[in-house]
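What follows is data30.cif (mmCIF, C-alpha atoms).
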data_work
loop_
_atom_site.label_atom_id
_atom_site.label_comp_id
_atom_site.auth_asym_id
_atom_site.auth_seq_id
_atom_site.Cartn_x
_atom_site.Cartn_y
_atom_site.Cartn_z
CA MET O 247 -35.68 -9.66 -53.22
CA ASN O 248 -33.58 -10.47 -56.29
CA PHE O 249 -30.64 -8.29 -57.15
CA PRO O 250 -28.76 -8.87 -60.41
CA ILE O 251 -26.21 -11.58 -59.70
CA ASP O 252 -23.09 -9.39 -59.83
CA LEU O 253 -24.63 -6.83 -57.53
CA GLU O 254 -25.66 -9.62 -55.16
CA LYS O 255 -22.07 -10.89 -55.10
CA LEU O 256 -20.75 -7.42 -54.32
CA ILE O 257 -23.29 -7.10 -51.50
CA ASN O 258 -22.05 -10.40 -50.10
CA TYR O 259 -18.45 -9.18 -50.03
CA TYR O 260 -19.43 -6.04 -48.19
CA LYS O 261 -21.41 -8.12 -45.71
CA LYS O 262 -18.21 -9.91 -44.70
CA LEU O 263 -16.81 -6.65 -43.35
CA PRO O 264 -17.18 -5.80 -39.66
CA GLY O 265 -20.24 -3.78 -38.72
CA ILE O 266 -21.79 -4.06 -42.18
CA GLY O 267 -25.26 -5.61 -42.16
CA GLU O 268 -27.62 -6.50 -44.97
CA ARG O 269 -28.93 -2.96 -45.50
CA SER O 270 -25.56 -1.22 -45.30
CA ALA O 271 -24.04 -3.75 -47.68
CA GLU O 272 -26.77 -3.02 -50.22
CA ARG O 273 -26.22 0.71 -49.86
CA LEU O 274 -22.46 0.36 -50.25
CA ALA O 275 -22.77 -1.95 -53.27
CA ILE O 276 -25.19 0.38 -55.03
CA ALA O 277 -22.92 3.35 -54.32
CA THR O 278 -19.98 1.35 -55.65
CA ILE O 279 -21.53 0.62 -59.02
CA GLU O 280 -22.08 4.35 -59.37
CA PHE O 281 -18.31 4.95 -59.28
CA ASN O 282 -17.02 5.73 -62.74
CA ASN O 283 -15.10 3.07 -64.69
CA GLU O 284 -11.71 4.45 -63.79
CA GLU O 285 -12.49 4.55 -60.08
CA ILE O 286 -13.83 1.01 -60.12
CA GLU O 287 -10.72 -0.29 -61.87
CA GLU O 288 -8.45 1.52 -59.43
CA PHE O 289 -10.48 0.27 -56.47
CA SER O 290 -10.25 -3.26 -57.83
CA LYS O 291 -6.47 -2.99 -58.33
CA THR O 292 -5.98 -1.41 -54.92
CA LEU O 293 -7.60 -4.42 -53.28
CA ILE O 294 -5.09 -6.75 -54.92
CA ASN O 295 -2.16 -4.43 -54.21
CA ALA O 296 -3.07 -3.91 -50.58
CA LYS O 297 -3.11 -7.67 -50.16
CA ASN O 298 0.01 -8.45 -52.19
CA ASN O 299 2.34 -5.53 -51.50
CA LEU O 300 1.96 -5.45 -47.76
CA THR O 301 4.55 -7.49 -45.96
CA ARG O 302 5.99 -7.73 -42.44
CA CYS O 303 8.77 -5.49 -41.16
CA THR O 304 11.81 -7.74 -40.67
CA ILE O 305 12.60 -5.99 -37.37
CA CYS O 306 9.29 -5.58 -35.57
CA GLY O 307 6.72 -7.58 -37.56
CA HIS O 308 4.43 -4.60 -38.25
CA ILE O 309 2.81 -4.43 -41.70
CA THR O 310 4.71 -2.33 -44.20
CA ASP O 311 5.35 -1.96 -47.90
CA ASN O 312 9.11 -1.96 -47.36
CA GLU O 313 11.55 -4.39 -45.81
CA ILE O 314 11.71 -2.24 -42.68
CA CYS O 315 8.70 -0.23 -41.52
CA ASP O 316 8.71 3.57 -41.20
CA ILE O 317 8.70 3.36 -37.42
CA CYS O 318 11.78 1.12 -37.13
CA ASN O 319 13.41 3.24 -39.80
CA SER O 320 12.81 6.57 -38.09
CA GLU O 321 15.60 8.45 -36.34
CA ASN O 322 13.04 10.19 -34.16
CA ARG O 323 11.89 7.02 -32.46
CA ASN O 324 13.55 5.57 -29.40
CA GLN O 325 14.80 2.16 -30.53
CA ASN O 326 15.48 1.15 -26.92
CA LEU O 327 11.87 1.53 -25.86
CA ILE O 328 9.81 -1.32 -27.33
CA CYS O 329 6.09 -1.69 -26.95
CA VAL O 330 5.11 -5.35 -27.40
CA VAL O 331 1.67 -5.81 -28.97
CA GLU O 332 -0.46 -8.70 -30.14
CA ASP O 333 -1.08 -7.50 -33.70
CA TYR O 334 -0.49 -4.62 -36.10
CA LYS O 335 -3.92 -3.15 -35.32
CA SER O 336 -2.61 -2.26 -31.86
CA VAL O 337 0.26 -0.38 -33.52
CA PHE O 338 -2.26 1.71 -35.45
CA SER O 339 -4.13 2.45 -32.22
CA PHE O 340 -0.99 3.63 -30.43
CA GLU O 341 0.17 5.63 -33.44
CA LYS O 342 -3.15 7.35 -33.62
CA SER O 343 -2.81 8.57 -30.04
CA GLY O 344 0.52 10.01 -31.19
CA LYS O 345 2.00 9.93 -27.69
CA PHE O 346 4.36 6.98 -27.96
CA LYS O 347 7.81 7.77 -29.30
CA GLY O 348 9.39 4.33 -28.98
CA THR O 349 9.13 1.39 -31.37
CA TYR O 350 6.97 -1.73 -31.45
CA HIS O 351 7.24 -5.45 -31.57
CA VAL O 352 4.27 -7.23 -33.11
CA LEU O 353 3.87 -10.78 -31.78
CA ASN O 354 1.24 -11.71 -34.33
CA GLY O 355 -0.61 -13.79 -31.76
CA LEU O 356 -0.54 -14.77 -28.11
CA ILE O 357 0.51 -17.97 -26.36
CA SER O 358 -2.57 -20.13 -25.95
CA PRO O 359 -2.08 -23.74 -24.83
CA ILE O 360 -5.80 -24.44 -25.36
CA ASP O 361 -5.45 -23.52 -29.05
CA ASP O 362 -2.08 -25.27 -29.26
CA ILE O 363 -0.24 -21.99 -29.85
CA GLY O 364 3.16 -22.10 -28.16
CA PRO O 365 5.95 -19.50 -27.84
CA GLU O 366 7.54 -20.77 -31.08
CA ASP O 367 4.33 -20.04 -33.02
CA ILE O 368 4.45 -16.31 -32.41
CA ASN O 369 7.03 -13.63 -33.20
CA LEU O 370 9.04 -14.10 -29.98
CA ALA O 371 12.42 -15.39 -31.16
CA SER O 372 12.99 -12.13 -33.04
CA LEU O 373 12.11 -10.16 -29.89
CA GLU O 374 14.71 -12.06 -27.87
CA ASN O 375 17.22 -11.55 -30.64
CA ARG O 376 16.38 -7.85 -30.90
CA VAL O 377 16.68 -7.27 -27.15
CA SER O 378 20.01 -9.06 -26.87
CA LYS O 379 21.51 -6.71 -29.50
CA LEU O 380 20.56 -3.58 -27.53
CA LYS O 381 22.46 -2.32 -24.51
CA GLU O 382 19.68 -1.00 -22.35
CA VAL O 383 16.10 -1.56 -23.24
CA GLU O 384 12.65 -1.05 -21.75
CA LEU O 385 9.85 -3.36 -22.85
CA ILE O 386 6.26 -2.24 -22.38
CA LEU O 387 3.93 -5.20 -22.66
CA ALA O 388 0.64 -3.98 -24.11
CA LEU O 389 -1.22 -7.26 -24.30
CA LYS O 390 -4.89 -7.71 -23.53
CA PRO O 391 -5.80 -8.79 -20.00
CA THR O 392 -6.96 -12.32 -20.85
CA ILE O 393 -5.52 -15.74 -20.01
CA GLU O 394 -3.58 -15.68 -23.28
CA GLY O 395 -2.31 -12.15 -22.67
CA GLU O 396 -1.20 -13.03 -19.15
CA ALA O 397 0.47 -16.26 -20.30
CA THR O 398 2.42 -14.37 -22.94
CA THR O 399 3.35 -11.61 -20.49
CA LEU O 400 4.67 -14.19 -18.00
CA TYR O 401 6.61 -16.05 -20.69
CA ILE O 402 8.30 -12.87 -21.93
CA LYS O 403 9.17 -11.93 -18.35
CA LYS O 404 10.70 -15.39 -17.83
CA ILE O 405 12.89 -15.45 -20.94
CA LEU O 406 14.05 -11.84 -20.73
CA GLU O 407 14.39 -10.96 -17.07
CA SER O 408 17.96 -12.30 -16.88
CA LYS O 409 18.98 -9.80 -19.57
CA ASN O 410 19.49 -6.08 -19.13
CA VAL O 411 15.82 -5.26 -19.65
CA THR O 412 13.23 -3.26 -17.76
CA ILE O 413 9.82 -4.81 -18.32
CA SER O 414 6.54 -3.07 -17.56
CA ARG O 415 2.97 -3.60 -18.62
CA LEU O 416 0.16 -1.14 -19.31
CA SER O 417 -1.82 -0.22 -16.21
CA TYR O 418 -5.26 -1.72 -15.83
CA GLY O 419 -8.03 0.46 -14.53
CA ILE O 420 -11.05 2.56 -15.18
CA PRO O 421 -11.30 3.86 -18.74
CA ILE O 422 -11.46 7.66 -18.88
CA GLY O 423 -15.05 8.84 -19.01
CA ALA O 424 -16.50 5.55 -17.75
CA ASP O 425 -19.12 5.47 -15.01
CA ILE O 426 -17.87 3.42 -12.06
CA ASP O 427 -21.39 2.15 -11.40
CA TYR O 428 -21.40 0.31 -14.70
CA LEU O 429 -17.91 -1.16 -14.61
CA ASP O 430 -17.44 -4.93 -14.52
CA ASN O 431 -16.05 -6.56 -11.37
CA VAL O 432 -12.74 -7.61 -12.88
CA THR O 433 -11.90 -4.09 -14.03
CA LEU O 434 -12.80 -2.70 -10.62
CA GLU O 435 -10.62 -5.31 -8.94
CA LYS O 436 -7.69 -4.48 -11.25
CA ALA O 437 -8.19 -0.77 -10.67
CA LEU O 438 -7.94 -1.42 -6.93
CA GLU O 439 -4.83 -3.57 -7.33
CA ASP O 440 -3.13 -1.03 -9.61
CA ARG O 441 -4.11 1.93 -7.43
CA LYS O 442 -1.69 4.82 -7.50
CA LYS O 443 -0.55 6.83 -4.51
CA ILE O 444 -1.34 10.54 -4.90
CA SER O 445 -0.15 11.78 -1.48
CA GLU O 446 3.33 11.51 0.03
CA MET Q 219 -0.76 8.70 -38.67
CA ASN Q 220 0.94 6.97 -41.58
CA PHE Q 221 -0.55 3.83 -43.04
CA PRO Q 222 1.36 1.88 -45.67
CA ILE Q 223 0.50 3.44 -49.02
CA ASP Q 224 -1.67 0.63 -50.40
CA LEU Q 225 -3.67 0.44 -47.19
CA GLU Q 226 -4.09 4.22 -47.27
CA LYS Q 227 -5.44 3.98 -50.84
CA LEU Q 228 -7.91 1.30 -49.84
CA ILE Q 229 -9.06 3.46 -46.91
CA ASN Q 230 -9.62 6.32 -49.34
CA TYR Q 231 -11.85 4.18 -51.57
CA TYR Q 232 -13.95 3.11 -48.61
CA LYS Q 233 -14.26 6.73 -47.54
CA LYS Q 234 -15.99 7.53 -50.82
CA LEU Q 235 -18.89 5.28 -49.85
CA PRO Q 236 -21.96 6.76 -48.17
CA GLY Q 237 -21.94 6.79 -44.38
CA ILE Q 238 -18.32 5.65 -44.14
CA GLY Q 239 -16.12 8.06 -42.19
CA GLU Q 240 -12.40 8.02 -41.47
CA ARG Q 241 -12.58 5.48 -38.65
CA SER Q 242 -14.97 3.10 -40.35
CA ALA Q 243 -12.93 3.23 -43.55
CA GLU Q 244 -9.83 2.22 -41.60
CA ARG Q 245 -11.67 -0.61 -39.91
CA LEU Q 246 -13.06 -1.86 -43.24
CA ALA Q 247 -9.68 -1.62 -44.99
CA ILE Q 248 -7.90 -3.53 -42.23
CA ALA Q 249 -10.61 -6.20 -42.27
CA THR Q 250 -10.28 -6.41 -46.04
CA ILE Q 251 -6.57 -7.13 -46.04
CA GLU Q 252 -7.32 -10.00 -43.67
CA PHE Q 253 -9.41 -11.71 -46.34
CA ASN Q 254 -7.52 -14.63 -47.83
CA ASN Q 255 -5.98 -14.30 -51.29
CA GLU Q 256 -8.81 -16.06 -53.04
CA GLU Q 257 -11.45 -13.85 -51.44
CA ILE Q 258 -9.54 -10.69 -52.30
CA GLU Q 259 -9.19 -11.72 -55.92
CA GLU Q 260 -12.86 -12.59 -56.16
CA PHE Q 261 -13.82 -9.31 -54.47
CA SER Q 262 -11.61 -7.43 -56.91
CA LYS Q 263 -13.14 -9.23 -59.92
CA THR Q 264 -16.66 -8.76 -58.61
CA LEU Q 265 -16.14 -5.00 -58.55
CA ILE Q 266 -15.24 -4.98 -62.22
CA ASN Q 267 -18.03 -7.40 -63.13
CA ALA Q 268 -20.68 -5.52 -61.21
CA LYS Q 269 -19.71 -2.41 -63.13
CA ASN Q 270 -19.31 -4.00 -66.55
CA ASN Q 271 -22.00 -6.68 -66.65
CA LEU Q 272 -24.85 -4.59 -65.39
CA THR Q 273 -26.87 -2.99 -68.13
CA ARG Q 274 -30.32 -1.43 -68.51
CA CYS Q 275 -33.47 -3.45 -69.20
CA THR Q 276 -34.58 -2.52 -72.72
CA ILE Q 277 -38.21 -2.40 -71.59
CA CYS Q 278 -38.20 -0.56 -68.25
CA GLY Q 279 -34.66 0.80 -67.79
CA HIS Q 280 -34.01 -1.04 -64.51
CA ILE Q 281 -30.49 -2.42 -64.00
CA THR Q 282 -30.12 -6.05 -64.99
CA ASP Q 283 -27.57 -8.55 -66.22
CA ASN Q 284 -29.84 -9.57 -69.11
CA GLU Q 285 -31.46 -7.75 -71.99
CA ILE Q 286 -34.77 -7.78 -70.16
CA CYS Q 287 -34.92 -7.65 -66.37
CA ASP Q 288 -36.47 -10.40 -64.23
CA ILE Q 289 -39.45 -8.22 -63.40
CA CYS Q 290 -40.42 -7.42 -66.98
CA ASN Q 291 -39.77 -11.07 -67.83
CA SER Q 292 -41.98 -12.48 -65.10
CA GLU Q 293 -45.40 -13.99 -65.87
CA ASN Q 294 -46.49 -13.26 -62.33
CA ARG Q 295 -46.22 -9.51 -62.70
CA ASN Q 296 -49.01 -7.34 -64.03
CA GLN Q 297 -47.57 -5.76 -67.18
CA ASN Q 298 -50.46 -3.29 -67.35
CA LEU Q 299 -49.67 -1.75 -63.98
CA ILE Q 300 -46.54 0.37 -64.25
CA CYS Q 301 -44.90 2.17 -61.38
CA VAL Q 302 -42.83 5.09 -62.69
CA VAL Q 303 -39.73 5.81 -60.60
CA GLU Q 304 -36.76 8.15 -60.75
CA ASP Q 305 -34.01 5.55 -60.52
CA TYR Q 306 -33.33 1.85 -60.03
CA LYS Q 307 -32.80 2.33 -56.30
CA SER Q 308 -36.52 3.04 -55.97
CA VAL Q 309 -37.20 -0.29 -57.67
CA PHE Q 310 -35.14 -2.05 -55.02
CA SER Q 311 -37.09 -0.24 -52.30
CA PHE Q 312 -40.45 -1.29 -53.72
CA GLU Q 313 -39.28 -4.84 -54.33
CA LYS Q 314 -38.11 -5.11 -50.77
CA SER Q 315 -41.57 -4.25 -49.49
CA GLY Q 316 -42.74 -7.14 -51.67
CA LYS Q 317 -46.26 -5.72 -52.00
CA PHE Q 318 -46.19 -4.43 -55.55
CA LYS Q 319 -47.05 -6.96 -58.22
CA GLY Q 320 -46.91 -4.71 -61.27
CA THR Q 321 -43.86 -3.64 -63.26
CA TYR Q 322 -41.70 -0.50 -63.24
CA HIS Q 323 -40.47 2.19 -65.52
CA VAL Q 324 -37.17 3.78 -64.51
CA LEU Q 325 -36.86 7.36 -65.77
CA ASN Q 326 -33.21 7.63 -64.82
CA GLY Q 327 -33.67 11.24 -63.81
CA LEU Q 328 -36.31 13.93 -63.46
CA ILE Q 329 -37.16 16.95 -65.59
CA SER Q 330 -35.24 19.91 -64.19
CA PRO Q 331 -35.15 23.12 -66.23
CA ILE Q 332 -32.69 24.65 -63.78
CA ASP Q 333 -30.19 21.86 -64.50
CA ASP Q 334 -31.08 21.91 -68.20
CA ILE Q 335 -32.62 18.44 -68.06
CA GLY Q 336 -35.60 18.25 -70.40
CA PRO Q 337 -38.09 15.45 -71.15
CA GLU Q 338 -35.84 14.14 -73.93
CA ASP Q 339 -32.97 13.64 -71.48
CA ILE Q 340 -34.77 11.06 -69.37
CA ASN Q 341 -36.27 7.69 -70.20
CA LEU Q 342 -39.70 9.06 -71.24
CA ALA Q 343 -39.96 8.22 -74.94
CA SER Q 344 -39.82 4.53 -74.11
CA LEU Q 345 -42.60 5.00 -71.54
CA GLU Q 346 -44.85 6.62 -74.13
CA ASN Q 347 -44.02 3.85 -76.57
CA ARG Q 348 -44.65 1.18 -73.96
CA VAL Q 349 -47.99 2.62 -72.92
CA SER Q 350 -49.25 2.97 -76.48
CA LYS Q 351 -48.66 -0.75 -77.07
CA LEU Q 352 -50.82 -1.78 -74.12
CA LYS Q 353 -54.61 -1.81 -74.19
CA GLU Q 354 -55.45 -0.68 -70.69
CA VAL Q 355 -52.80 0.55 -68.36
CA GLU Q 356 -52.49 2.14 -64.95
CA LEU Q 357 -49.46 4.30 -64.24
CA ILE Q 358 -48.49 4.97 -60.64
CA LEU Q 359 -46.12 7.91 -60.45
CA ALA Q 360 -43.75 7.34 -57.53
CA LEU Q 361 -41.59 10.43 -57.85
CA LYS Q 362 -40.28 12.49 -54.98
CA PRO Q 363 -42.32 15.51 -53.92
CA THR Q 364 -39.88 18.17 -55.13
CA ILE Q 365 -40.11 20.73 -57.93
CA GLU Q 366 -38.43 18.27 -60.29
CA GLY Q 367 -40.73 15.44 -59.23
CA GLU Q 368 -43.81 17.62 -59.70
CA ALA Q 369 -42.60 18.90 -63.08
CA THR Q 370 -42.06 15.34 -64.30
CA THR Q 371 -45.42 14.22 -62.92
CA LEU Q 372 -47.21 17.05 -64.74
CA TYR Q 373 -45.36 16.36 -67.98
CA ILE Q 374 -46.25 12.67 -67.93
CA LYS Q 375 -49.86 13.54 -67.20
CA LYS Q 376 -49.87 15.93 -70.17
CA ILE Q 377 -48.41 13.57 -72.75
CA LEU Q 378 -50.35 10.48 -71.67
CA GLU Q 379 -53.77 11.64 -70.51
CA SER Q 380 -55.19 11.53 -74.05
CA LYS Q 381 -54.40 7.80 -74.22
CA ASN Q 382 -56.24 5.03 -72.47
CA VAL Q 383 -54.30 5.40 -69.23
CA THR Q 384 -55.25 5.78 -65.60
CA ILE Q 385 -52.63 7.86 -63.85
CA SER Q 386 -52.22 8.08 -60.09
CA ARG Q 387 -49.45 9.18 -57.77
CA LEU Q 388 -48.35 7.90 -54.38
CA SER Q 389 -50.17 9.52 -51.48
CA TYR Q 390 -48.30 12.06 -49.43
CA GLY Q 391 -48.72 12.02 -45.69
CA ILE Q 392 -47.42 11.13 -42.29
CA PRO Q 393 -44.88 8.32 -42.32
CA ILE Q 394 -45.96 5.36 -40.17
CA GLY Q 395 -44.45 5.62 -36.69
CA ALA Q 396 -43.68 9.32 -36.98
CA ASP Q 397 -44.55 11.77 -34.23
CA ILE Q 398 -46.87 14.46 -35.55
CA ASP Q 399 -45.23 17.04 -33.26
CA TYR Q 400 -41.95 16.70 -35.12
CA LEU Q 401 -43.27 16.68 -38.69
CA ASP Q 402 -42.32 19.47 -41.08
CA ASN Q 403 -44.99 21.90 -42.24
CA VAL Q 404 -45.05 20.76 -45.84
CA THR Q 405 -45.70 17.14 -44.93
CA LEU Q 406 -48.47 18.19 -42.56
CA GLU Q 407 -50.02 20.36 -45.27
CA LYS Q 408 -49.86 17.47 -47.77
CA ALA Q 409 -51.31 15.07 -45.23
CA LEU Q 410 -54.23 17.46 -44.79
CA GLU Q 411 -54.72 17.82 -48.54
CA ASP Q 412 -54.56 14.07 -49.12
CA ARG Q 413 -56.81 13.26 -46.17
CA LYS Q 414 -58.91 10.14 -46.53
CA LYS Q 415 -62.57 9.77 -45.52
CA ILE Q 416 -63.07 7.02 -42.98
CA SER Q 417 -66.81 7.42 -42.40
CA GLU Q 418 -69.62 7.12 -44.98
#
Mind converting the file's structure to structure tokens?
Amino acid sequence: MNFPIDLEKLINYYKKLPGIGERSAERLAIATIEFNNEEIEEFSKTLINAKNNLTRCTICGHITDNEICDICNSENRNQNLICVVEDYKSVFSFEKSGKFKGTYHVLNGLISPIDDIGPEDINLASLENRVSKLKEVELILALKPTIEGEATTLYIKKILESKNVTISRLSYGIPIGADIDYLDNVTLEKALEDRKKISE
Amino acid sequence: MNFPIDLEKLINYYKKLPGIGERSAERLAIATIEFNNEEIEEFSKTLINAKNNLTRCTICGHITDNEICDICNSENRNQNLICVVEDYKSVFSFEKSGKFKGTYHVLNGLISPIDDIGPEDINLASLENRVSKLKEVELILALKPTIEGEATTLYIKKILESKNVTISRLSYGIPIGADIDYLDNVTLEKALEDRKKISE
């Protein structure tokens, strides 16, 4: 199957995106060349702008088009409640749920000795700095339950527990709607460990 | 949920593509800004190139980056067997099946009195011209079975049947793998009409 070369190239870019296979990429590319000239030019410029104009918030490390992100800048957010996440995608997930009214700290990675990623390679110094400027602060560690997530959680606990900080982590357990019969062993084990008393 | 403005714009472009909803568009946009700078620039250029460099084959009307498309240019394709299709997407579908060794003629539309689209508005003059230059030619009309498809089929039959042309259309019938119980009435009716003798 030979597509004209420029169409083929466009298909190949779409194929790099998550969840886009051969067929979908073809469909997207063909739909794209049916955009009008103005739309195509804007789309093309937007790609460059999205890459070039997005930077990191100097406070929390989330992506933003300003020096300080909207969340850190907001008067309605509790600046003393900081949810620590691995990357900015987690911020989008929390924001979408709309329930969290604190702020974030984006580590931009996790400690991973096996990959030679130490505490100095991720956005931790700024977290320490940020915490020491606040009087009373609660940190919620929302890191994934893997070796790297646990290592990072332990490290943060170690460097910050001497300060005036309450540290918690997200609870592990059964996802809402899941069938217990199909859960993996580790999740079941964690759900047992993290069990919550419901009677006095 | 507030995304940075340039990311939001990118999400909106992805949402214009077929089959891409809110969530997928977000996922695609976030994956896109994780491309490296070089990839983003190439992607951006490819969009413009795919739009600007693609033109119509002067013989058949298929999209191509040359004056004449690879199919019309090929010595391995039967130039006297012409499959008439509505748009270039149909060409891609046939080419993917890999079974058709003739050439195509892309009408770039169908006759539709209700939308004020007459024979002169679609790529028909060039088909007439093309056919009259060939000695013996078979036309396969591969147009969709709608009022517009039928109208176009009848018109082509009318203008070309006086010439030395064999005209056929694709068979209608049950798609392979389909369950007869779930077929619509019109398809069933067509499958009955187009039934094929299997005994002598």
Tell me, as a compact mmCIF listing (two decimals) with C-alpha atoms, keeping the file's coordinate frame, which residues lie within 12 Å of Ser417 (chain O), counting all atoms listed in the file; anything in the same chain fewer than 3 positions away does not count.
# COMPACT_ATOMS: atom_id res chain seq x y z
CA ILE O 386 6.26 -2.24 -22.38
CA LEU O 387 3.93 -5.20 -22.66
CA ALA O 388 0.64 -3.98 -24.11
CA LEU O 389 -1.22 -7.26 -24.30
CA LYS O 390 -4.89 -7.71 -23.53
CA PRO O 391 -5.80 -8.79 -20.00
CA SER O 414 6.54 -3.07 -17.56
CA ILE O 420 -11.05 2.56 -15.18
CA PRO O 421 -11.30 3.86 -18.74
CA THR O 433 -11.90 -4.09 -14.03
CA LYS O 436 -7.69 -4.48 -11.25
CA ALA O 437 -8.19 -0.77 -10.67
CA LEU O 438 -7.94 -1.42 -6.93
CA GLU O 439 -4.83 -3.57 -7.33
CA ASP O 440 -3.13 -1.03 -9.61
CA ARG O 441 -4.11 1.93 -7.43
CA LYS O 442 -1.69 4.82 -7.50
Residues selected by the PyMOL selection byres ((chain Q and resi 255) around 12), written as a PDB file with C-alpha atoms, keeping the file's coordinate frame:
ATOM      1  CA  LEU O 293      -7.600  -4.420 -53.280  1.00  0.00           C
ATOM      2  CA  ILE O 294      -5.090  -6.750 -54.920  1.00  0.00           C
ATOM      3  CA  ASN O 295      -2.160  -4.430 -54.210  1.00  0.00           C
ATOM      4  CA  ALA O 296      -3.070  -3.910 -50.580  1.00  0.00           C
ATOM      5  CA  LYS O 297      -3.110  -7.670 -50.160  1.00  0.00           C
ATOM      6  CA  ASN O 298       0.010  -8.450 -52.190  1.00  0.00           C
TER       7      ASN O 298
ATOM      8  CA  THR Q 250     -10.280  -6.410 -46.040  1.00  0.00           C
ATOM      9  CA  ILE Q 251      -6.570  -7.130 -46.040  1.00  0.00           C
ATOM     10  CA  GLU Q 252      -7.320 -10.000 -43.670  1.00  0.00           C
ATOM     11  CA  PHE Q 253      -9.410 -11.710 -46.340  1.00  0.00           C
ATOM     12  CA  ASN Q 254      -7.520 -14.630 -47.830  1.00  0.00           C
ATOM     13  CA  GLU Q 256      -8.810 -16.060 -53.040  1.00  0.00           C
ATOM     14  CA  GLU Q 257     -11.450 -13.850 -51.440  1.00  0.00           C
ATOM     15  CA  ILE Q 258      -9.540 -10.690 -52.300  1.00  0.00           C
ATOM     16  CA  GLU Q 259      -9.190 -11.720 -55.920  1.00  0.00           C
ATOM     17  CA  GLU Q 260     -12.860 -12.590 -56.160  1.00  0.00           C
ATOM     18  CA  PHE Q 261     -13.820  -9.310 -54.470  1.00  0.00           C
ATOM     19  CA  SER Q 262     -11.610  -7.430 -56.910  1.00  0.00           C
TER      20      SER Q 262
END
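Straight-line separation from CA of Asn403 (chain Q) to CA of Pro331 (chain Q): 26.0 Å.
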Quick one: distance from CA of Tyr232 (chain Q) to CA of Ala277 (chain O) in Å, one decimal? 10.6 Å
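The residues caught by the PyMOL selection byres ((chain Q and resi 274-284) around 8) in this file are Pro250, Ile251 and Asp252 of chain O; Asn271, Leu272, Thr273, Glu285, Ile286, Cys287, Asp288, Cys290, Asp305, Tyr306, Val309, Tyr322, His323, Val324, Leu325, Asn326, Asn341, Ser344, Leu345 and Arg348 of chain Q.
Taking CA of Thr412 (chain O) and CA of Val377 (chain O) as the two end points, the separation is 10.8 Å.
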